[in-house]
Every structure is written in structure tokens, then in C-alpha cells.
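Asker: upload-v3.cif is reproduced below (mmCIF, C-alpha atoms).
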```
data_input
#
loop_
_atom_site.label_atom_id
_atom_site.label_comp_id
_atom_site.auth_asym_id
_atom_site.auth_seq_id
_atom_site.Cartn_x
_atom_site.Cartn_y
_atom_site.Cartn_z
CA MET A 1002 24.71 52.02 1.81
CA LEU A 1003 26.95 49.49 0.06
CA ILE A 1004 28.13 52.13 -2.44
CA VAL A 1005 29.39 54.30 0.45
CA SER A 1006 30.63 51.41 2.58
CA PRO A 1007 33.80 52.34 4.48
CA PHE A 1008 35.24 49.03 3.29
CA GLY A 1009 34.62 49.70 -0.42
CA MET A 1010 32.25 46.77 -0.83
CA LEU A 1011 30.97 48.09 -4.17
CA SER A 1012 33.18 51.09 -4.95
CA LYS A 1013 36.34 48.96 -5.17
CA ASN A 1014 34.82 47.07 -8.10
CA LEU A 1015 35.78 50.02 -10.31
CA GLN A 1016 39.44 49.11 -9.91
CA PHE A 1017 38.76 45.63 -11.31
CA VAL A 1018 37.48 47.33 -14.47
CA PHE A 1019 40.51 49.63 -14.75
CA VAL A 1020 42.98 46.77 -14.21
CA ALA A 1021 41.17 44.49 -16.69
CA LEU A 1022 40.98 47.21 -19.36
CA THR A 1023 44.65 48.05 -18.80
CA ALA A 1024 45.64 44.38 -19.22
CA TRP A 1025 43.57 44.18 -22.40
CA GLN A 1026 45.15 47.33 -23.86
CA LEU A 1027 48.61 46.27 -22.72
CA GLU A 1028 48.30 43.05 -24.65
CA ARG A 1029 47.01 44.84 -27.75
CA LYS A 1030 49.25 47.92 -27.89
CA GLY A 1031 51.84 47.77 -25.09
CA TRP A 1032 52.64 50.43 -22.52
CA ASP A 1033 52.41 54.07 -23.40
CA GLU A 1034 51.88 57.32 -21.50
CA ARG A 1035 48.13 57.24 -22.13
CA LEU A 1036 47.71 53.75 -20.68
CA GLU A 1037 49.82 54.68 -17.66
CA ARG A 1038 47.61 57.75 -17.03
CA PHE A 1039 44.47 55.63 -17.45
CA LEU A 1040 45.63 53.10 -14.86
CA ALA A 1041 46.81 55.88 -12.54
CA ALA A 1042 43.34 57.48 -12.79
CA GLY A 1043 41.72 54.17 -11.90
CA MET A 1044 43.94 53.68 -8.89
CA ALA A 1045 43.46 57.34 -7.82
CA LEU A 1046 39.72 56.86 -8.00
CA VAL A 1047 39.75 54.48 -5.03
CA TRP A 1048 41.45 57.08 -2.83
CA ILE A 1049 39.07 59.81 -3.98
CA THR A 1050 35.89 57.78 -3.51
CA GLU A 1051 36.98 56.14 -0.25
CA GLY A 1052 38.08 59.48 1.18
CA LEU A 1053 35.07 61.50 0.11
CA LEU A 1054 32.10 59.16 0.46
CA PRO A 1055 32.45 57.06 3.63
CA LYS A 1056 34.95 59.20 5.50
CA ILE A 1057 33.73 62.75 4.86
CA LEU A 1058 30.16 62.71 3.55
CA PHE A 1059 28.64 59.48 4.90
CA GLN A 1060 30.48 58.46 8.06
CA GLN A 1061 29.15 55.20 9.48
CA ALA A 1062 29.16 53.74 12.96
CA VAL A 1063 31.06 50.62 11.87
CA GLU A 1064 34.07 52.68 10.80
CA LEU A 1065 33.82 55.13 13.67
CA SER A 1066 34.08 52.21 16.09
CA ILE A 1067 37.35 50.91 14.58
CA ALA A 1068 39.50 53.87 15.69
CA PRO A 1069 38.85 53.35 19.44
CA GLU A 1070 39.21 49.58 19.01
CA ALA A 1071 42.63 50.19 17.42
CA GLY A 1072 43.65 52.32 20.41
CA LEU A 1073 43.30 55.62 18.54
CA ASP A 1074 41.22 57.32 21.20
CA PHE A 1075 43.19 60.58 21.50
CA VAL A 1076 40.64 62.39 19.30
CA GLU A 1077 36.95 62.00 18.52
CA PRO A 1078 36.47 59.19 15.97
CA TRP A 1079 34.47 61.38 13.57
CA ILE A 1080 37.34 63.89 13.46
CA LEU A 1081 39.97 61.19 12.94
CA VAL A 1082 37.95 59.51 10.19
CA GLY A 1083 37.35 62.89 8.54
CA VAL A 1084 41.06 63.77 8.61
CA VAL A 1085 41.91 60.38 7.10
CA GLY A 1086 39.27 61.06 4.44
CA VAL A 1087 40.80 64.41 3.55
CA ALA A 1088 44.24 62.77 3.32
CA GLN A 1089 42.87 60.03 1.06
CA LEU A 1090 41.08 62.54 -1.14
CA ALA A 1091 44.21 64.69 -1.44
CA SER A 1092 46.31 61.60 -2.16
CA GLY A 1093 44.02 60.53 -5.00
CA ILE A 1094 44.00 63.98 -6.56
CA ALA A 1095 47.77 64.30 -6.18
CA VAL A 1096 48.31 61.08 -8.17
CA LEU A 1097 46.48 62.76 -11.04
CA VAL A 1098 48.41 66.03 -11.01
CA LEU A 1099 51.93 65.37 -9.70
CA PRO A 1100 54.89 64.92 -12.07
CA ARG A 1101 56.33 61.40 -12.42
CA ARG A 1102 58.99 61.42 -9.67
CA PRO A 1103 56.85 62.87 -6.86
CA ARG A 1104 53.97 60.67 -8.05
CA ALA A 1105 56.25 57.63 -7.69
CA TRP A 1106 56.92 58.48 -4.03
CA LEU A 1107 53.22 58.99 -3.37
CA LEU A 1108 52.35 55.70 -5.08
CA PHE A 1109 54.93 53.93 -2.93
CA CYS A 1110 53.24 55.35 0.19
CA GLN A 1111 49.86 54.26 -1.16
CA LEU A 1112 51.21 50.75 -1.68
CA ALA A 1113 52.35 50.65 1.93
CA ALA A 1114 48.92 51.84 3.07
CA LEU A 1115 47.15 49.29 0.85
CA VAL A 1116 49.06 46.54 2.62
CA ALA A 1117 49.04 47.94 6.17
CA LEU A 1118 45.46 49.21 6.47
CA PRO A 1119 43.74 45.91 5.58
CA LEU A 1120 46.03 44.09 8.01
CA VAL A 1121 45.07 46.47 10.82
CA VAL A 1122 41.36 46.45 9.99
CA GLY A 1123 41.43 42.68 9.41
CA SER A 1124 42.99 42.13 12.84
CA ILE A 1125 40.19 44.16 14.44
CA ARG A 1126 37.40 42.72 12.29
CA PRO A 1127 38.62 39.30 11.03
CA LEU A 1128 35.28 38.44 9.43
CA LEU A 1129 35.94 41.11 6.80
CA TRP A 1130 38.49 38.72 5.25
CA VAL A 1131 35.66 36.35 4.33
CA HIS A 1132 32.86 38.87 3.85
CA PRO A 1133 30.75 38.04 0.76
CA PHE A 1134 31.55 41.44 -0.78
CA GLY A 1135 35.27 40.91 -0.14
CA PRO A 1136 36.17 44.41 1.09
CA LEU A 1137 39.72 43.45 2.09
CA ILE A 1138 40.41 40.94 -0.69
CA LYS A 1139 39.45 43.59 -3.26
CA ASN A 1140 42.63 45.46 -2.35
CA PHE A 1141 44.68 42.93 -4.34
CA PRO A 1142 43.89 44.35 -7.81
CA ILE A 1143 44.33 47.86 -6.39
CA ILE A 1144 47.75 46.83 -5.08
CA ALA A 1145 48.63 45.31 -8.46
CA GLY A 1146 47.48 48.38 -10.40
CA THR A 1147 49.21 50.79 -8.04
CA TYR A 1148 52.40 48.71 -8.23
CA LEU A 1149 52.37 48.86 -12.03
CA VAL A 1150 51.91 52.63 -12.07
CA TRP A 1151 54.60 53.03 -9.39
CA ARG A 1152 57.05 50.93 -11.43
CA ARG A 1153 56.34 52.97 -14.54
CA CYS A 1154 56.78 56.27 -12.66
CA SER A 1155 59.99 55.03 -11.04
CA GLN A 1156 61.65 54.31 -14.38
CA PRO A 1157 63.51 57.05 -16.24
CA SER A 1158 61.36 58.72 -18.91
#
```
Can I see the file as C-alpha cells?

Answerer:
Amino acid sequence: MLIVSPFGMLSKNLQFVFVALTAWQLERKGWDERLERFLAAGMALVWITEGLLPKILFQQAVELSIAPEAGLDFVEPWILVGVVGVAQLASGIAVLVLPRRPRAWLLFCQLAALVALPLVVGSIRPLLWVHPFGPLIKNFPIIAGTYLVWRRCSQPS
């Protein structure tokens, strides 16, 4: 169940690999279009996996209970979580296919979500900040990687 955890307890480890490999390549060869696409794919992967696995295919009680606790009780939690999952999945795929300028706007929105969502979830479940698998702390390399791709997409070609 850790691989499909709604908090990315294991799945977010993939982003560490993408960021580390990007840093290694950056030092060796510098930025190029291929490296930017590689990092973008790594950052898109978190949205795809987090949307598809815990929110659509393997919904779990712990995540379903957060929506009502956050005051989002206007719709059934399983529907809300599923809709969020579809949005995350679409967002991840869009990062892979959109041209630079629209991708930059999407990445900016993802950055905002990467900051806001852990703050909301962390205020509801504060122990997640110190959880041994670090589900909220693991957003930091994802924020860093997304920021780098956003900056690259925001610059003129």
C-alpha cells in the first residue's frame, strides 16, 4: 500500500532520482532541450502517478477523510478525490505535450499547488510533517525540479 499511498510515501522517491540525475548532467554538459524534457518528465510523473494510483484506482480511507475535515463536504469524498485525480493526471500529461509558453503557465500552477496542498494537508494531519517516509517533506525536490523547468520554459527560446 505504500506505493499507492495518497501522500506519495514511496512514489515521490522517483523525483529524487530525476533531480539528482539532472544535477549530474547539468554539471557535466549544461542545460539543453533534452535535459529540460527529462526533468519535465520526472516532475510530470508525480502528477500522473499521484492522480492515477491513489486518487482514481486505489482510493484510501485516510485520503477520503481529509476532504470533510477540510470543510469540503459539498460532494461525496470519493467523487472529489477522483476529480482531483483526473485533474492531476491531465496536468502531468499536459506538461509532457504542451508547447513551452502554455507549459510555463501550467508549471507555475503546479508550483502553487505543491506549496499550498502540503500546507493544507499538514494543517489537518500535522504528524505527516514528521512521518518516517516524509510524504510532505518529499515535495521539496519536486518544487525545486518544477521551478527549474518553469524557469527554463519562461525564458525566450

Asker: For Leu1053 (chain A), which residue out of A:Ala1088, A:Leu1040, A:Ala1024, A:Leu1112 is the nearest one, using all atoms listed in the file?

Answerer: A:Ala1088

Asker: Restricting the calculation to only C-alpha atoms, which member of A:Ala1068, A:Arg1152, A:Ile1144, A:Pro1103 is positioned closest to Val1020 (chain A)?

Answerer: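 Nearest candidate to Val1020 (chain A) out of A:Ala1068, A:Arg1152, A:Ile1144, A:Pro1103: A:Ile1144.
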
Asker: Pick out the closest residue to Phe1141 (chain A) from this set: A:Leu1058, A:Ala1095, A:Met1044, A:Cys1154. Count only C-alpha atoms.

Answerer: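 Answer, going by the shortest atom-to-atom distance: A:Met1044.
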
Asker: Give me the residues within 12 Å of Ala1062 (chain A) as JSON, numbers by chain, counting all atoms listed in the file and dropping any in the same chain fewer than 5 places off.

Answerer: {"A": [1006, 1007, 1055, 1056, 1067, 1068, 1069, 1078, 1079, 1082]}

Asker: For the file shown, report as a ChimeraX atom specification the outcome of the PyMOL selection byres ((chain A and resi 1092) around 9) at residue level.

Answerer: /A:1045,1048-1049,1087-1091,1093-1097,1107-1108,1111

Asker: Using only C-alpha atoms - which residues lie no farther than 12 Å from the point (36.2, 50.1, -8.4) in the file's frame? Write them as a ChimeraX atom specification.

Answerer: /A:1004-1005,1008-1021,1040,1042-1051,1136,1139-1143,1146

Asker: Could you tell me how far CA of Glu1034 (chain A) sits from CA of Val1150 (chain A), in Å to one decimal place?

Answerer: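 Here the two named atoms are 10.5 Å from each other.
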
Asker: Please compute the CA of Arg1101 (chain A)-CA of Ala1117 (chain A) distance, one decimal, in Å.

Answerer: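 Computed distance, CA of Arg1101 (chain A) to CA of Ala1117 (chain A), equals 24.1 Å.
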
Asker: May I ask for the distance between CA of Leu1036 (chain A) and CA of Leu1149 (chain A), given in Å to one decimal place?

Answerer: 11.0 Å

Asker: Can you work out which one of A:Thr1023, A:Val1122, A:Asp1074, A:Ser1066 has the shortest atom-to-atom distance to Arg1035 (chain A), counting only C-alpha atoms?

Answerer: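 Of the candidates, the smallest distance to Arg1035 (chain A) is held by A:Thr1023.
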
Asker: So, counting only C-alpha atoms, which residue among A:Pro1127, A:Gly1072, A:Gly1086, A:Pro1119 is closest to Gly1052 (chain A)?

Answerer: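 Among the listed residues, A:Gly1086 lies closest to Gly1052 (chain A).
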
Asker: Let me make sure I understand: among A:Trp1151, A:Asp1033, A:Pro1100, A:Phe1134, which one has the smallest atom-to-atom distance to Leu1003 (chain A) if we use only C-alpha atoms?

Answerer: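 Checking each of A:Trp1151, A:Asp1033, A:Pro1100, A:Phe1134 against Leu1003 (chain A), counting only C-alpha atoms, the winner is A:Phe1134.
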